[in-house]
Amino acid sequence: MTEPRKIRVATASLAGCFGCHMALLDMDERLIDLMDRVEFDRSPLTDIKHFRHRCDVGIIEGGCCNEENVHVLREFRRNCDVLIALGQCAIMGGLPAMRNAVMHSDEPLRECLEEAYITAREVRNKTHHIPNDPALPLLLDKVYPCSDVVKIDVLIPGCAPTGDVIFETLSQLLDGTYVGAKPDTVRFD
Ligand code: SF4
């Protein structure tokens, strides 16, 4: 008799700080138990850059601030049965979405870039140029939560979510007992 295959998980970091991926490691030794049941496909944790198989679970850190983020997120939606938004950046834009509040002119994105690269008191940019290399992904007009771009199935709130909450949620999803996030387990620090 053949062994049942492991649950395939893929992860990606979009407009985030990688803190939510670090929080995955906060599952500590429980990761070893989890590895009995899951295998990681495309992920910064495996350095696999493209989907090798369709995945059961996709975990997204960060929202969408540029066109590449949108492309990756849509690719995850196409290739994953269940898509998880991990952390506040994925759920509501988080810290990168602070730029959405810059709206004093008709061109808020330009205003934001000028402040970041030229006019802010702390900036030391002798060229007075805003980076515009064609290799850089185009910035969106604002930062979007993942659910504004694709359907998200599961939210794991927090900044960053605790390893306990991540483990509990993943275990419940694997067991088919997941009923939703518990508000009292959300952490912001
Ligand atoms: Fe970093 Fe917090 Fe955003 Fe996660 S939710 S990517 S820890 S800022």
# chains A, B, ... in the order shown; residues from 1 in each chain; ligands from 1

$ closest_atom_pairs --of "chain A" --to "ligand 1" --cutoff "10 Å" --atoms "only C-alpha atoms and all ligand atoms" --output "Markdown table"
| residue | atom | partner | partner_atom_place_in_ligand_line | distance |
| --- | --- | --- | --- | --- |
| A:Ser13 | CA | ligand 1 | 6 (S) | 7.7 |
| A:Leu14 | CA | ligand 1 | 6 (S) | 8.3 |
| A:Ala15 | CA | ligand 1 | 6 (S) | 7.2 |
| A:Gly16 | CA | ligand 1 | 6 (S) | 3.7 |
| A:Cys17 | CA | ligand 1 | 1 (Fe) | 4.1 |
| A:Phe18 | CA | ligand 1 | 6 (S) | 5.2 |
| A:Gly19 | CA | ligand 1 | 7 (S) | 3.7 |
| A:Cys20 | CA | ligand 1 | 4 (Fe) | 4.1 |
| A:His21 | CA | ligand 1 | 4 (Fe) | 7.5 |
| A:Met22 | CA | ligand 1 | 7 (S) | 8.0 |
| A:Ala23 | CA | ligand 1 | 7 (S) | 7.6 |
| A:Ile60 | CA | ligand 1 | 6 (S) | 9.4 |
| A:Glu61 | CA | ligand 1 | 6 (S) | 5.7 |
| A:Gly62 | CA | ligand 1 | 6 (S) | 5.2 |
| A:Gly63 | CA | ligand 1 | 3 (Fe) | 8.3 |
| A:Ala85 | CA | ligand 1 | 5 (S) | 9.7 |
| A:Leu86 | CA | ligand 1 | 4 (Fe) | 7.1 |
| A:Gly87 | CA | ligand 1 | 5 (S) | 4.0 |
| A:Gln88 | CA | ligand 1 | 5 (S) | 4.2 |
| A:Cys89 | CA | ligand 1 | 3 (Fe) | 4.2 |
| A:Ala90 | CA | ligand 1 | 5 (S) | 6.9 |
| A:Ile91 | CA | ligand 1 | 5 (S) | 8.3 |
| A:Met92 | CA | ligand 1 | 5 (S) | 9.1 |
| A:Gly93 | CA | ligand 1 | 3 (Fe) | 7.8 |
| A:Gly94 | CA | ligand 1 | 3 (Fe) | 5.7 |
| A:Leu95 | CA | ligand 1 | 8 (S) | 5.8 |
| A:Pro96 | CA | ligand 1 | 8 (S) | 7.9 |
| A:Ile156 | CA | ligand 1 | 5 (S) | 9.7 |
| A:Pro157 | CA | ligand 1 | 5 (S) | 7.8 |
| A:Gly158 | CA | ligand 1 | 5 (S) | 6.2 |
| A:Cys159 | CA | ligand 1 | 2 (Fe) | 3.6 |
| A:Ala160 | CA | ligand 1 | 7 (S) | 3.9 |
| A:Pro161 | CA | ligand 1 | 4 (Fe) | 7.4 |
| A:Thr162 | CA | ligand 1 | 7 (S) | 9.9 |
| A:Arg187 | CA | ligand 1 | 2 (Fe) | 9.8 |
| A:Phe188 | CA | ligand 1 | 2 (Fe) | 7.8 |
| A:Asp189 | CA | ligand 1 | 2 (Fe) | 8.4 |

$ select_by_dssp --residues "chain A" --states "alpha helix (DSSP H)" --output "PyMOL selection string"
chain A and resi 19-25+30-35+67-79+88-92+108-114+163-175

$ select_by_dssp --residues "segment 5-186 of chain A" --states "strand (DSSP E)" --output "ChimeraX atom specification"
/A:7-13,38-40,55-61,64-66,80-86,139-144,154-156

$ residues_around --residues "Val154 of chain A" --least-positions-apart "6" --cutoff "8 Å" --atoms "only C-alpha atoms" --output "list in words"
Val82, Leu83, Ile84, Ala85 and Gly180 of chain A

$ closest_residue --among "A:Ala116, A:Leu31, A:Ala97, A:Leu173" --to "Ile7 of chain A" --atoms "only C-alpha atoms"
A:Leu173
